Amino acid sequence: MKEMDRPQSAWNPLSIKEKAPGEPVGDGTAFAGLVPDSGAPLTVEWLSIPVLLLDANGSVLHRNLAAKELARALQVKDLQALFPEDFESQLRRCLQRSQAARVNSAPGNGRRRFTWYLVPDLEEGRVQVHGIETTERHRLLERLRKAEELEMVGRLAGCVAHDLANNLTVLQGHLGMVQSGQHQGPSAEESVRQCLRATERAGELVRQLFALRGIEAPTLRPVSLAHALGGFSGRLQRLLGEDVEVTFQIDPDLPPALSDEGRVQQLLTAAALRVRSTIPAGGTLTIELSGRQPFLDGEESRRFLCLGICGHGGLEASRSTLECELVPSLVAQLQGVFEVAAAPEFGWRLFLPAVDAESEDETRASRDPGCGTETVLLVEDEGPVRSILRMALERRGYHVVEAASGVEALAVWHQHHDRIALLVTDMVMPVGLSGRELAEQFRIQNPHLRALYVSGYTAEAAGLPVSLGAGEGYLRKPVDPDELTRAVRAMIDG
């Protein structure tokens, strides 16, 4: 067959630009969409991208000039030094399934990145490996991810401020009426309930603001996704604009997810904003919560909940429209997986792990309020905060000795150290020692002293290591009284 008569679906080596002298090896674009057919020639010396021919055991049968030049430029003996650790298993899978595969690697310090395309030749039992450097593409994607994060943070922070102002209005209104004597009996009790609900919502908003910074890992706990979606629906509509209708389809008979509510709302925001860009005015964006399971390559015993974010009414878009670094990153943080939905729907399916029955039993057991009679040293420089924490502990039977600073705490410790069972301390205080320094000082005299750190900062910002030591715990403000006493009980019991 003449070259000009070769079918369009076949691989045409003449369509690849020949490498000019001195031209860099591979710019990350030469192999876009390239998959050789079974009749492709194996003589690839003149290609500008590195090509290796490997047998089923991973041994190199041939390497072209570009592969040799790249190895020499990177000062490695062979390009196999750039392959990921699981490359041999990827090679075997490629041959067993008779399917082309793509493998990424970031050798050494990870500053340079490569993508390797594996193309099987079943008749000969070998694999062609075509490589391109994707370092610059990765840098561009990272810049795109940061731009997406900035857009999401700006939009979500504005909505959080709006909702926080609403909750403060509820608090101020109800407390003002109680103080003025306008509420008596049942109406006063209802105001207190409304205030408690408003503080819970405000606390969740604060946690979301911390989550936006992306400094700390999410705290995975049982989360009702149906409840999270219900509380987020109004904010999501404001984020996306009034010219797109947002509809919800929620299966109410689902178990909770093992997740982080603030991070879930971040994930929902990022995915919805990306899908929103494909929908014209008058279109519809549907949020669906179901028990649908992902299509996974291999056996998977975990059960998932499916959060679908799909657009309707727009033009049929290409898969690249949904290319987004932020969504996959957030899904990975929540130990989930994702799929891209195809036409006629267009968007994401985000799968988050469901809570199993054993975890639900442990969660129910952890709801005990945590009573005790031990002595607790409470250190907190803010008087109103110290007062409410002390009352919460005393209400559950604990004896509390308190201090308003690190210096004062040293004096209190000197008087009561022989009966103090636990140190509960703020981490960052304006005068004297920090909470961590206090604990270190006290452990000189009592090496077995346990410490529970309470702070409005993230653990890292407060000066705590990523992994706390034995006998140490951490609580983020705002702290629910029952959450505090449960943590105190757990710390004392070890």
# chains A, B, ... in the order shown; residues from 1 in each chain; ligands from 1
call {"tool": "residues_around", "arguments": {"residues": "region 52-62 of chain A", "least_positions_apart": "5", "cutoff": "7 Å", "atoms": "only C-alpha atoms", "output": "PDB file with C-alpha atoms, in the first residue's frame"}}
result
ATOM      1  CA  GLU A  88       6.337  -3.459  35.324  1.00  0.00           C
ATOM      2  CA  ARG A  92       2.031  -6.671  32.063  1.00  0.00           C
ATOM      3  CA  GLY A 125       4.826  -9.964  22.931  1.00  0.00           C
ATOM      4  CA  ARG A 126       6.396  -6.571  23.396  1.00  0.00           C
ATOM      5  CA  VAL A 127       5.434  -2.985  24.102  1.00  0.00           C
ATOM      6  CA  GLN A 128       6.352   0.315  22.508  1.00  0.00           C
ATOM      7  CA  VAL A 129       6.818   3.054  25.129  1.00  0.00           C
ATOM      8  CA  HIS A 130       6.559   6.625  23.859  1.00  0.00           C
TER       9      HIS A 130
END
call {"tool": "residues_around", "arguments": {"residues": "Leu352 (chain A)", "least_positions_apart": "5", "cutoff": "9 Å", "atoms": "only C-alpha atoms", "output": "list of chain:residue names"}}
result
A:Ala257, A:Leu258, A:Ser259, A:Arg303, A:Phe304, A:Leu305, A:Cys306, A:Leu307, A:Val331, A:Leu334, A:Gln335, A:Gly336, A:Val337, A:Phe338
call {"tool": "closest_residue", "arguments": {"among": "A:Ala147, A:Val412, A:Trp116, A:Gln75", "to": "Gln90 (chain A)", "atoms": "only C-alpha atoms"}}
result
A:Trp116
call {"tool": "select_by_dssp", "arguments": {"residues": "region 121-312 of chain A", "states": "helix (DSSP H, G or I)", "output": "number ranges by chain"}}
result
A: 135-179, 186-213, 225-240, 261-276
call {"tool": "select_by_dssp", "arguments": {"residues": "region 152-335 of chain A", "states": "strand (DSSP E or B)", "output": "PyMOL selection string"}}
result
chain A and resi 221-223+245-250+257-259+284-290+304-312
call {"tool": "write_last_selection", "arguments": {"atoms": "N, CA and C atoms", "output": "mmCIF file, in the first residue's frame"}}
result
data_model
loop_
_atom_site.group_PDB
_atom_site.id
_atom_site.type_symbol
_atom_site.label_atom_id
_atom_site.label_comp_id
_atom_site.auth_asym_id
_atom_site.auth_seq_id
_atom_site.Cartn_x
_atom_site.Cartn_y
_atom_site.Cartn_z
ATOM 1 N N ARG A 221 -15.680 12.514 59.609
ATOM 2 C CA ARG A 221 -16.641 12.060 60.598
ATOM 3 C C ARG A 221 -17.962 11.804 59.884
ATOM 4 N N PRO A 222 -18.913 11.102 60.513
ATOM 5 C CA PRO A 222 -20.197 10.865 59.845
ATOM 6 C C PRO A 222 -20.912 12.173 59.524
ATOM 7 N N VAL A 223 -21.286 12.343 58.275
ATOM 8 C CA VAL A 223 -21.950 13.557 57.802
ATOM 9 C C VAL A 223 -23.191 13.166 57.011
ATOM 10 N N GLU A 245 -31.281 27.586 36.890
ATOM 11 C CA GLU A 245 -32.127 26.946 37.895
ATOM 12 C C GLU A 245 -31.372 25.776 38.519
ATOM 13 N N VAL A 246 -31.358 25.745 39.860
ATOM 14 C CA VAL A 246 -30.714 24.650 40.586
ATOM 15 C C VAL A 246 -31.800 23.748 41.164
ATOM 16 N N THR A 247 -31.765 22.471 40.811
ATOM 17 C CA THR A 247 -32.744 21.512 41.328
ATOM 18 C C THR A 247 -32.018 20.419 42.107
ATOM 19 N N PHE A 248 -32.708 19.844 43.079
ATOM 20 C CA PHE A 248 -32.133 18.807 43.933
ATOM 21 C C PHE A 248 -32.953 17.537 43.821
ATOM 22 N N GLN A 249 -32.263 16.408 43.691
ATOM 23 C CA GLN A 249 -32.888 15.087 43.708
ATOM 24 C C GLN A 249 -32.145 14.265 44.757
ATOM 25 N N ILE A 250 -32.779 14.085 45.918
ATOM 26 C CA ILE A 250 -32.095 13.499 47.072
ATOM 27 C C ILE A 250 -32.822 12.242 47.535
ATOM 28 N N ALA A 257 -22.214 9.835 55.200
ATOM 29 C CA ALA A 257 -20.907 9.669 54.559
ATOM 30 C C ALA A 257 -19.812 9.904 55.589
ATOM 31 N N LEU A 258 -18.691 9.230 55.421
ATOM 32 C CA LEU A 258 -17.525 9.502 56.257
ATOM 33 C C LEU A 258 -16.771 10.638 55.581
ATOM 34 N N SER A 259 -17.012 11.867 56.041
ATOM 35 C CA SER A 259 -16.532 13.014 55.279
ATOM 36 C C SER A 259 -16.342 14.222 56.183
ATOM 37 N N THR A 284 -30.419 24.362 33.392
ATOM 38 C CA THR A 284 -30.674 23.769 34.700
ATOM 39 C C THR A 284 -29.444 23.015 35.176
ATOM 40 N N LEU A 285 -29.120 23.188 36.440
ATOM 41 C CA LEU A 285 -28.059 22.415 37.076
ATOM 42 C C LEU A 285 -28.712 21.542 38.143
ATOM 43 N N THR A 286 -28.495 20.238 38.063
ATOM 44 C CA THR A 286 -29.129 19.290 38.975
ATOM 45 C C THR A 286 -28.101 18.716 39.940
ATOM 46 N N ILE A 287 -28.442 18.770 41.227
ATOM 47 C CA ILE A 287 -27.636 18.136 42.267
ATOM 48 C C ILE A 287 -28.378 16.875 42.691
ATOM 49 N N GLU A 288 -27.745 15.723 42.525
ATOM 50 C CA GLU A 288 -28.389 14.445 42.837
ATOM 51 C C GLU A 288 -27.586 13.696 43.882
ATOM 52 N N LEU A 289 -28.264 13.215 44.917
ATOM 53 C CA LEU A 289 -27.636 12.387 45.950
ATOM 54 C C LEU A 289 -28.277 11.007 45.893
ATOM 55 N N SER A 290 -27.463 9.988 45.630
ATOM 56 C CA SER A 290 -28.001 8.637 45.459
ATOM 57 C C SER A 290 -27.014 7.608 45.985
ATOM 58 N N PHE A 304 -20.047 3.489 48.572
ATOM 59 C CA PHE A 304 -19.978 4.925 48.350
ATOM 60 C C PHE A 304 -21.377 5.539 48.285
ATOM 61 N N LEU A 305 -21.422 6.848 48.478
ATOM 62 C CA LEU A 305 -22.589 7.653 48.160
ATOM 63 C C LEU A 305 -22.224 8.524 46.964
ATOM 64 N N CYS A 306 -23.167 8.696 46.052
ATOM 65 C CA CYS A 306 -22.897 9.435 44.821
ATOM 66 C C CYS A 306 -23.499 10.828 44.891
ATOM 67 N N LEU A 307 -22.666 11.826 44.706
ATOM 68 C CA LEU A 307 -23.106 13.211 44.625
ATOM 69 C C LEU A 307 -22.907 13.663 43.181
ATOM 70 N N GLY A 308 -24.002 13.750 42.427
ATOM 71 C CA GLY A 308 -23.921 14.130 41.018
ATOM 72 C C GLY A 308 -24.191 15.612 40.828
ATOM 73 N N ILE A 309 -23.367 16.274 40.032
ATOM 74 C CA ILE A 309 -23.551 17.685 39.688
ATOM 75 C C ILE A 309 -23.543 17.755 38.170
ATOM 76 N N CYS A 310 -24.717 17.875 37.563
ATOM 77 C CA CYS A 310 -24.829 17.783 36.111
ATOM 78 C C CYS A 310 -25.623 18.953 35.550
ATOM 79 N N GLY A 311 -25.236 19.396 34.367
ATOM 80 C CA GLY A 311 -25.914 20.498 33.694
ATOM 81 C C GLY A 311 -26.813 20.009 32.580
ATOM 82 N N HIS A 312 -27.880 20.758 32.319
ATOM 83 C CA HIS A 312 -28.831 20.444 31.250
ATOM 84 C C HIS A 312 -29.147 21.732 30.492
#
call {"tool": "atom_distance", "arguments": {"atom1": "CA of His227 (chain A)", "atom2": "CA of Cys195 (chain A)"}}
result
19.3 Å
call {"tool": "closest_residue", "arguments": {"among": "A:Ile279, A:Ala404, A:Val170, A:Leu449", "to": "Met429 (chain A)", "atoms": "only C-alpha atoms"}}
result
A:Ala404
call {"tool": "closest_residue", "arguments": {"among": "A:Gly432, A:Gly110, A:Arg390, A:Glu339", "to": "Glu408 (chain A)", "atoms": "only C-alpha atoms"}}
result
A:Gly432
call {"tool": "closest_residue", "arguments": {"among": "A:Val327, A:Val407, A:Ala341, A:Val488", "to": "Ala392 (chain A)", "atoms": "only C-alpha atoms"}}
result
A:Val488
call {"tool": "closest_residue", "arguments": {"among": "A:Arg349, A:His174, A:His417, A:Arg276", "to": "Pro294 (chain A)", "atoms": "only C-alpha atoms"}}
result
A:Arg349
